[in-house]
file run39.cif (mmCIF, C-alpha atoms and all ligand atoms)
data_my_file
#
loop_
_atom_site.label_atom_id
_atom_site.label_comp_id
_atom_site.auth_asym_id
_atom_site.auth_seq_id
_atom_site.Cartn_x
_atom_site.Cartn_y
_atom_site.Cartn_z
CA MET A 242 -1.62 -31.36 2.43
CA LEU A 243 -3.90 -31.41 5.48
CA GLY A 244 -6.90 -33.70 5.13
CA ALA A 245 -10.39 -32.91 6.39
CA ASP A 246 -9.66 -35.62 8.98
CA GLY A 247 -6.81 -33.54 10.37
CA GLU A 248 -4.11 -35.88 9.07
CA MET A 249 -1.22 -34.78 6.85
CA TYR A 250 -0.97 -36.38 3.41
CA GLU A 251 1.60 -36.30 0.71
CA SER A 252 -0.05 -35.28 -2.51
CA SER A 253 0.78 -34.18 -6.00
CA LEU A 254 -0.76 -31.75 -8.43
CA ARG A 255 -2.80 -33.03 -11.32
CA GLY A 256 -0.98 -32.29 -14.57
CA ARG A 257 -3.53 -29.78 -15.76
CA LEU A 258 -3.05 -27.70 -12.59
CA LYS A 259 0.69 -27.66 -13.00
CA GLN A 260 0.40 -25.51 -16.12
CA GLY A 261 -2.70 -23.62 -15.05
CA VAL A 262 -3.03 -19.90 -14.51
CA VAL A 263 -3.95 -20.46 -10.89
CA LYS A 264 -0.92 -21.69 -8.98
CA LEU A 265 -1.41 -23.59 -5.77
CA ALA A 266 -0.61 -21.50 -2.72
CA VAL A 267 -0.30 -22.19 0.98
CA GLY A 268 -3.77 -21.98 2.52
CA ASP A 269 -5.68 -23.05 -0.57
CA ASP A 270 -8.77 -25.19 -0.16
CA VAL A 271 -8.48 -28.09 -2.55
CA GLU A 272 -10.35 -31.15 -3.68
CA VAL A 273 -8.43 -34.35 -4.22
CA ASP A 274 -8.71 -37.57 -6.13
CA PRO A 275 -7.83 -40.29 -3.68
CA GLY A 276 -6.00 -42.23 -6.40
CA GLU A 277 -5.25 -45.91 -6.44
CA ALA A 278 -4.31 -47.82 -3.33
CA GLY A 279 -0.72 -47.10 -2.32
CA GLN A 280 -0.56 -43.94 -4.44
CA ALA A 281 -0.51 -40.37 -3.19
CA PRO A 282 -3.75 -38.45 -3.70
CA THR A 283 -3.82 -35.91 -6.49
CA ILE A 284 -4.99 -32.34 -6.06
CA ALA A 285 -7.67 -31.98 -8.71
CA THR A 286 -9.37 -28.65 -7.95
CA ILE A 287 -8.33 -25.43 -6.26
CA HIS A 288 -11.36 -23.71 -4.76
CA PRO A 289 -11.83 -19.97 -5.30
CA ARG A 290 -9.97 -17.94 -2.69
CA ARG A 291 -11.77 -15.87 -0.06
CA SER A 292 -8.76 -13.63 0.30
CA LYS A 293 -5.06 -13.60 -0.31
CA LEU A 294 -1.89 -12.07 0.89
CA ALA A 295 -0.08 -11.25 -2.31
CA ARG A 296 3.25 -9.90 -3.29
CA ARG A 297 1.59 -7.40 -5.54
CA ALA A 298 -1.35 -5.16 -4.92
CA PRO A 299 -4.47 -7.27 -5.47
CA GLY A 300 -5.80 -6.98 -8.96
CA SER A 301 -2.50 -6.03 -10.54
CA GLY A 302 -2.63 -9.34 -12.34
CA TYR A 303 0.46 -10.59 -14.07
CA GLY A 304 3.32 -11.67 -11.89
CA GLU A 305 1.31 -11.68 -8.70
CA ARG A 306 2.73 -14.10 -6.15
CA ILE A 307 0.52 -15.40 -3.41
CA VAL A 308 2.18 -15.70 -0.04
CA ALA A 309 -0.87 -17.29 1.57
CA ALA A 310 -4.45 -17.85 0.45
CA ASN A 311 -7.65 -17.59 2.48
CA VAL A 312 -6.08 -15.51 5.22
CA ASP A 313 -8.67 -14.04 7.60
CA GLN A 314 -6.45 -11.62 9.45
CA VAL A 315 -2.94 -10.33 9.87
CA VAL A 316 -1.64 -10.45 13.44
CA ILE A 317 1.28 -8.12 13.96
CA VAL A 318 3.41 -8.78 17.01
CA PHE A 319 5.75 -6.26 18.61
CA ALA A 320 7.42 -6.22 22.01
CA LEU A 321 6.90 -3.39 24.46
CA VAL A 322 10.67 -3.39 24.97
CA LYS A 323 13.53 -5.65 23.85
CA PRO A 324 13.41 -4.97 20.99
CA THR A 325 12.09 -1.39 21.07
CA PRO A 326 8.97 -1.12 18.91
CA HIS A 327 9.14 0.98 15.75
CA PRO A 328 5.79 2.58 14.95
CA ARG A 329 6.87 3.17 11.35
CA MET A 330 7.43 -0.54 10.86
CA LEU A 331 4.06 -1.26 12.44
CA ASP A 332 2.43 1.20 10.03
CA ARG A 333 4.09 -0.56 7.12
CA PHE A 334 2.69 -3.94 8.25
CA LEU A 335 -0.75 -2.38 8.66
CA VAL A 336 -0.61 -0.90 5.15
CA ILE A 337 0.29 -4.32 3.73
CA ALA A 338 -2.75 -5.81 5.49
CA GLU A 339 -5.03 -3.00 4.33
CA ALA A 340 -3.74 -3.15 0.74
CA ASN A 341 -4.70 -6.82 0.70
CA GLY A 342 -8.11 -6.04 2.19
CA LEU A 343 -7.33 -8.00 5.35
CA ALA A 344 -8.29 -7.22 8.92
CA ALA A 345 -5.36 -6.60 11.24
CA ARG A 346 -4.77 -6.80 14.96
CA ILE A 347 -1.80 -5.74 17.03
CA VAL A 348 -0.14 -7.71 19.80
CA VAL A 349 2.24 -5.97 22.18
CA ASN A 350 4.14 -8.69 24.01
CA LYS A 351 6.58 -8.60 26.95
CA VAL A 352 4.38 -6.26 28.99
CA ASP A 353 5.99 -7.87 32.05
CA LEU A 354 9.16 -5.92 31.28
CA ALA A 355 7.62 -2.45 31.59
CA ASP A 356 4.55 -0.59 32.74
CA GLU A 357 1.40 -1.89 31.09
CA ALA A 358 -0.16 1.58 31.22
CA ALA A 359 2.81 2.83 29.17
CA ALA A 360 2.03 0.21 26.55
CA GLN A 361 -1.57 1.30 26.45
CA ALA A 362 -0.48 4.91 25.93
CA LEU A 363 2.16 4.06 23.33
CA PHE A 364 -0.34 2.20 21.16
CA ALA A 365 -3.43 4.29 21.97
CA ASP A 366 -3.52 5.79 18.45
CA TYR A 367 -4.03 2.34 16.99
CA ALA A 368 -6.79 1.31 19.36
CA ARG A 369 -8.51 4.65 18.63
CA ILE A 370 -8.56 4.05 14.88
CA GLY A 371 -10.03 0.61 15.43
CA TYR A 372 -7.23 -1.94 15.41
CA PRO A 373 -7.80 -4.51 18.14
CA LEU A 374 -4.91 -4.29 20.58
CA HIS A 375 -3.66 -7.17 22.73
CA LEU A 376 -1.22 -6.55 25.56
CA THR A 377 0.42 -9.85 26.39
CA SER A 378 3.17 -11.55 28.29
CA ALA A 379 4.03 -15.01 27.09
CA LYS A 380 6.28 -15.29 30.12
CA GLU A 381 3.68 -14.38 32.75
CA ARG A 382 0.75 -15.71 30.71
CA ARG A 383 -1.02 -12.36 30.58
CA GLY A 384 -3.57 -11.40 27.92
CA LEU A 385 -3.56 -14.89 26.44
CA ASP A 386 -7.28 -15.66 26.65
CA ALA A 387 -8.35 -12.79 24.42
CA LEU A 388 -5.61 -13.59 21.90
CA HIS A 389 -6.58 -17.25 21.93
CA GLU A 390 -10.16 -16.31 21.16
CA ALA A 391 -9.04 -14.04 18.32
CA LEU A 392 -7.06 -16.84 16.67
CA GLN A 393 -9.57 -19.64 17.12
CA GLY A 394 -11.13 -20.92 13.93
CA ARG A 395 -9.40 -18.34 11.75
CA VAL A 396 -6.43 -18.30 9.42
CA SER A 397 -4.04 -15.73 10.82
CA ALA A 398 -0.90 -14.48 9.16
CA LEU A 399 1.50 -13.86 12.01
CA SER A 400 4.24 -11.35 11.50
CA GLY A 401 6.52 -8.98 13.33
CA PRO A 402 10.23 -8.48 13.94
CA SER A 403 12.26 -11.37 15.27
CA GLY A 404 12.77 -11.67 19.00
CA VAL A 405 9.43 -10.13 19.98
CA GLY A 406 8.10 -13.48 21.24
CA LYS A 407 6.01 -14.90 18.40
CA SER A 408 7.12 -18.49 19.01
CA SER A 409 6.87 -18.03 22.78
CA LEU A 410 3.30 -16.77 22.43
CA LEU A 411 2.26 -19.68 20.21
CA ASN A 412 3.82 -22.13 22.63
CA ALA A 413 2.09 -20.48 25.59
CA LEU A 414 -1.23 -20.59 23.75
CA TYR A 415 -0.84 -24.09 22.31
CA PRO A 416 1.56 -26.17 24.37
CA GLY A 417 1.15 -29.05 21.91
CA LEU A 418 2.41 -27.05 18.95
CA GLY A 419 6.00 -27.57 20.07
CA LEU A 420 7.57 -24.66 18.25
CA ARG A 421 11.12 -24.08 19.30
CA VAL A 422 11.67 -20.64 20.75
CA GLY A 423 13.27 -18.66 17.99
CA GLU A 424 12.01 -21.03 15.33
CA ILE A 425 9.84 -18.52 13.52
CA SER A 426 12.59 -15.95 13.22
CA GLU A 427 15.19 -18.57 12.36
CA SER A 428 13.36 -19.42 9.19
CA VAL A 429 13.87 -15.81 8.10
CA ASN A 430 17.59 -16.05 8.60
CA LYS A 431 17.73 -19.16 6.46
CA GLY A 432 16.81 -16.95 3.56
CA ARG A 433 13.46 -18.43 2.76
CA HIS A 434 12.59 -15.04 1.24
CA THR A 435 13.54 -16.54 -2.11
CA THR A 436 10.27 -18.44 -1.99
CA VAL A 437 8.16 -15.86 -0.07
CA GLY A 438 5.95 -18.79 0.92
CA ALA A 439 4.42 -19.11 4.33
CA LEU A 440 4.18 -22.11 6.61
CA LEU A 441 0.77 -23.01 7.99
CA HIS A 442 0.55 -24.41 11.50
CA PRO A 443 -2.81 -26.06 12.20
CA LEU A 444 -4.15 -25.02 15.60
CA PRO A 445 -5.43 -27.75 17.89
CA ASP A 446 -8.82 -26.09 18.37
CA GLY A 447 -9.42 -24.98 14.78
CA GLY A 448 -7.81 -22.42 12.56
CA PHE A 449 -4.27 -21.93 11.37
CA VAL A 450 -1.39 -19.65 12.02
CA ALA A 451 0.62 -18.81 8.93
CA ASP A 452 4.13 -17.91 9.78
CA THR A 453 4.88 -15.15 7.28
CA PRO A 454 8.41 -13.95 7.89
CA GLY A 455 8.49 -12.63 4.34
CA LEU A 456 5.79 -10.06 5.01
CA ARG A 457 8.27 -7.27 5.36
CA GLU A 458 10.06 -8.16 2.14
CA ILE A 459 6.75 -8.36 0.35
CA GLY A 460 6.52 -4.74 1.27
CA MET A 461 4.07 -2.54 -0.50
CA TRP A 462 5.49 -3.46 -3.84
CA GLY A 463 3.18 -2.42 -6.65
CA LEU A 464 0.83 -0.32 -4.51
CA ASP A 465 -0.14 2.79 -6.42
CA PRO A 466 0.82 5.88 -4.34
CA SER A 467 -2.67 7.30 -4.89
CA ARG A 468 -4.11 4.28 -3.06
CA LEU A 469 -2.00 4.68 0.07
CA ALA A 470 -4.46 6.98 1.88
CA GLU A 471 -7.12 4.24 1.65
CA CYS A 472 -4.77 2.06 3.66
CA PHE A 473 -4.96 4.50 6.60
CA PRO A 474 -8.46 3.84 7.98
CA GLU A 475 -8.59 7.14 9.88
CA PHE A 476 -7.98 9.06 6.61
CA ARG A 477 -10.78 7.33 4.73
CA PRO A 478 -13.71 9.48 5.87
CA LEU A 479 -11.68 12.63 5.15
CA THR A 480 -10.08 12.24 1.74
CA ALA A 481 -13.27 12.76 -0.26
CA LEU A 482 -13.64 16.18 1.38
CA CYS A 483 -10.23 17.53 0.31
CA ARG A 484 -10.39 20.55 -2.03
CA PHE A 485 -8.44 18.78 -4.78
CA ALA A 486 -9.58 15.42 -6.05
CA ASP A 487 -5.95 14.34 -6.49
CA CYS A 488 -4.86 15.67 -3.08
CA THR A 489 -1.77 13.86 -1.81
CA HIS A 490 -2.54 14.93 1.79
CA THR A 491 1.04 16.14 2.19
CA VAL A 492 1.20 19.85 1.22
CA GLU A 493 -2.08 20.94 -0.37
CA PRO A 494 -4.29 23.71 1.01
CA GLY A 495 -7.84 22.67 1.79
CA CYS A 496 -6.71 19.18 2.77
CA GLU A 497 -9.08 17.63 5.30
CA VAL A 498 -6.46 15.13 6.44
CA ARG A 499 -4.00 17.91 7.26
CA ASP A 500 -6.75 19.96 8.90
CA ALA A 501 -7.61 16.98 11.10
CA LEU A 502 -3.91 16.65 11.86
CA GLY A 503 -3.85 20.31 12.95
CA ARG A 504 -6.79 19.68 15.28
CA GLY A 505 -5.03 16.65 16.76
CA GLU A 506 -7.65 14.24 15.39
CA VAL A 507 -5.14 12.48 13.15
CA SER A 508 -1.96 11.40 14.90
CA ALA A 509 1.21 13.21 13.82
CA ALA A 510 3.19 9.97 13.92
CA ARG A 511 0.70 8.25 11.64
CA HIS A 512 0.66 11.15 9.18
CA ASP A 513 4.43 11.17 9.24
CA SER A 514 4.43 7.46 8.37
CA TYR A 515 2.03 8.18 5.55
CA VAL A 516 4.32 10.87 4.11
CA LYS A 517 7.40 8.62 4.34
CA LEU A 518 5.65 5.60 2.84
CA ARG A 519 4.23 7.75 0.06
CA GLU A 520 7.71 9.03 -0.83
CA GLU A 521 8.88 5.44 -0.92
CA LEU A 522 6.05 4.36 -3.22
CA GLU A 523 6.61 7.31 -5.54
CA GLU A 524 10.28 6.51 -5.73
CA ALA A 525 9.45 2.88 -6.53
CA SER A 526 6.94 3.80 -9.22
CA ARG A 527 9.57 6.07 -10.86
CA LEU A 528 11.95 3.11 -11.01
CA TRP A 529 9.35 0.97 -12.72
P1 LIG A 601 10.25 -14.67 17.97
O1 LIG A 601 11.56 -14.46 17.25
O2 LIG A 601 9.32 -13.53 17.73
O3 LIG A 601 9.61 -16.00 17.71
O4 LIG A 601 10.59 -14.60 19.56
P2 LIG A 601 10.87 -15.79 20.60
O5 LIG A 601 9.59 -16.45 20.99
O6 LIG A 601 11.96 -16.64 20.06
O7 LIG A 601 11.37 -14.96 21.88
C1 LIG A 601 12.53 -14.15 21.86
C2 LIG A 601 13.02 -13.96 23.28
O8 LIG A 601 12.08 -13.22 24.06
C3 LIG A 601 13.22 -15.29 24.03
O9 LIG A 601 14.39 -15.18 24.80
C4 LIG A 601 11.98 -15.39 24.90
O10 LIG A 601 12.22 -16.13 26.07
C5 LIG A 601 11.71 -13.93 25.23
N1 LIG A 601 10.28 -13.68 25.49
C6 LIG A 601 9.23 -14.06 24.71
N2 LIG A 601 8.06 -13.63 25.24
C7 LIG A 601 8.37 -12.95 26.37
C8 LIG A 601 7.59 -12.26 27.36
O11 LIG A 601 6.36 -12.16 27.32
N3 LIG A 601 8.30 -11.64 28.36
C9 LIG A 601 9.64 -11.70 28.45
N4 LIG A 601 10.23 -11.08 29.47
N5 LIG A 601 10.40 -12.35 27.55
C10 LIG A 601 9.79 -12.97 26.52
ZN ZN A 602 -5.98 15.88 1.33
#

call {"tool": "encode", "arguments": {"input": "run39.cif", "output": "structure tokens"}}
result
Amino acid sequence: MLGADGEMYESSLRGRLKQGVVKLAVGDDVEVDPGEAGQAPTIATIHPRRSKLARRAPGSGYGERIVAANVDQVVIVFALVKPTPHPRMLDRFLVIAEANGLAARIVVNKVDLADEAAAQALFADYARIGYPLHLTSAKERRGLDALHEALQGRVSALSGPSGVGKSSLLNALYPGLGLRVGEISESVNKGRHTTVGALLHPLPDGGFVADTPGLREIGMWGLDPSRLAECFPEFRPLTALCRFADCTHTVEPGCEVRDALGRGEVSAARHDSYVKLREELEEASRLW
């Protein structure tokens, strides 16, 4: 447990909380009883959560597992090259953020390895629909100031494929953090997905970075297929205008989303992701 004084303390849960409905999660704000001298403090109260990154769609109730509480934003890191970015995987991360009601921003690292204008073009769709885009090089220390500002004072869930430079970026931003290069991805390989928990790294100038390697495994589990379109911000102003109230935006006539696609106002790659993710969700809901 991290004290208000910035020190780490060992603590235990008060008995009542051990059996409670609300289970303590990484990122929770708590109140403690200091306890007797020489004894570890006891966590007595868990404050209501501002937000959460959950393993089930929020509100689905029973069986929900919280990966991290009080997350302000999801920061999704890809590399411009090495490894090649997969837009479909990016869309999946964005849907997870949206389904949890969390803001998301995109970091494209390793811009030193290719043309920065190419990066801008490759990710232009995302900037256009409103996701803040950071082009960075941990190696050449490019784009770090804006990213630093975006992380300061906030709780950020950091995710992205391994090898894209997440640890390198954190080390470049916060030399004192002392993360080993490869450390963030290593924890994935150790199979921590059995716990789906995140690790919170306090930032020296306020805020936290939650290392959430399990984000991909969390997936969109439990998201109702009919809610997927809400997770595509550029679809939101259109869906209410579709001819059919239960339009799936895949094949129907009179679909505003598909009309916008035809006019080039909705990106074909994004719509394609939507169709693929929808098939996946429908398949999953059949299995349940
Ligand atoms: P993580 O798995 O996402 O934490 O990635 P790491 O930080 O471990 O970096 C993976 C590899 O990419 C390492 O060999 C880094 O040195 C390299 N790397 C990280 N950032 C950059 C960058 O901005 N440019 C270049 N050229 N290489 C980088
Ligand atoms: Zn439609």

call {"tool": "residues_around", "arguments": {"input": "run39.cif", "residues": "Gln314 of chain A", "least_positions_apart": "3", "cutoff": "6 Å", "atoms": "all atoms listed in the file", "output": "PDB file with C-alpha atoms, in the coordinates of the input"}}
result
ATOM      1  CA  LEU A 343      -7.330  -8.000   5.350  1.00  0.00           C
ATOM      2  CA  ALA A 344      -8.290  -7.220   8.920  1.00  0.00           C
ATOM      3  CA  ALA A 345      -5.360  -6.600  11.240  1.00  0.00           C
ATOM      4  CA  SER A 397      -4.040 -15.730  10.820  1.00  0.00           C
TER       5      SER A 397
END

call {"tool": "residues_near_ligand", "arguments": {"input": "run39.cif", "ligand": "ligand LIG 601 (chain A)", "cutoff": "7 Å", "atoms": "only C-alpha atoms and all ligand atoms", "output": "PyMOL selection string"}}
result
chain A and resi 350-354+377-381+401-410+422-426

call {"tool": "residues_near_ligand", "arguments": {"input": "run39.cif", "ligand": "ligand ZN 602 (chain A)", "cutoff": "12 Å", "atoms": "only C-alpha atoms and all ligand atoms", "output": "NGL selection string"}}
result
:A and (467 or 469-471 or 476-502 or 512 or 515-516)

call {"tool": "residues_near_point", "arguments": {"input": "run39.cif", "point": "(2.2, -23.5, 10.2)", "cutoff": "8 Å", "atoms": "only C-alpha atoms", "output": "mmCIF file with C-alpha atoms, keeping the file's coordinate frame"}}
result
data_model
loop_
_atom_site.group_PDB
_atom_site.id
_atom_site.type_symbol
_atom_site.label_atom_id
_atom_site.label_comp_id
_atom_site.auth_asym_id
_atom_site.auth_seq_id
_atom_site.Cartn_x
_atom_site.Cartn_y
_atom_site.Cartn_z
ATOM 1 C CA ALA A 439 4.420 -19.110 4.330
ATOM 2 C CA LEU A 440 4.180 -22.110 6.610
ATOM 3 C CA LEU A 441 0.770 -23.010 7.990
ATOM 4 C CA HIS A 442 0.550 -24.410 11.500
ATOM 5 C CA PRO A 443 -2.810 -26.060 12.200
ATOM 6 C CA PHE A 449 -4.270 -21.930 11.370
ATOM 7 C CA VAL A 450 -1.390 -19.650 12.020
ATOM 8 C CA ALA A 451 0.620 -18.810 8.930
ATOM 9 C CA ASP A 452 4.130 -17.910 9.780
#

call {"tool": "atom_distance", "arguments": {"input": "run39.cif", "atom1": "atom CA of Ile307 of chain A", "atom2": "atom CA of Leu522 of chain A"}}
result
20.5 Å

call {"tool": "atom_distance", "arguments": {"input": "run39.cif", "atom1": "atom CA of Ser514 of chain A", "atom2": "atom CA of His375 of chain A"}}
result
22.0 Å

call {"tool": "closest_residue", "arguments": {"input": "run39.cif", "among": "A:Ala285, A:Ala295, A:Leu258, A:Leu418", "to": "Asn341 of chain A", "atoms": "all atoms listed in the file"}}
result
A:Ala295

call {"tool": "residues_around", "arguments": {"input": "run39.cif", "residues": "Pro466 of chain A", "least_positions_apart": "6", "cutoff": "9 Å", "atoms": "all atoms listed in the file", "output": "list in words"}}
result
Thr489, Leu518, Arg519, Glu520, Glu521, Leu522, Glu523 and Ser526 of chain A

call {"tool": "residues_around", "arguments": {"input": "run39.cif", "residues": "Pro275 of chain A", "least_positions_apart": "6", "cutoff": "12 Å", "atoms": "all atoms listed in the file", "output": "PyMOL selection string"}}
result
chain A and resi 244+250-253+255+281-285

call {"tool": "closest_residue", "arguments": {"input": "run39.cif", "among": "A:Leu321, A:Val336, A:Ala245, A:Ala398", "to": "Leu376 of chain A", "atoms": "only C-alpha atoms"}}
result
A:Leu321

call {"tool": "axis_aligned_box", "arguments": {"input": "run39.cif", "around": "segment 315-326 of chain A", "padding_each_side": "8 Å", "output": "lines of an AutoDock Vina configuration file"}}
result
center_x = 5.3
center_y = -5.8
center_z = 17.4
size_x = 32.5
size_y = 25.3
size_z = 31.1

call {"tool": "atom_distance", "arguments": {"input": "run39.cif", "atom1": "atom CA of Pro373 of chain A", "atom2": "atom CA of Leu464 of chain A"}}
result
24.6 Å
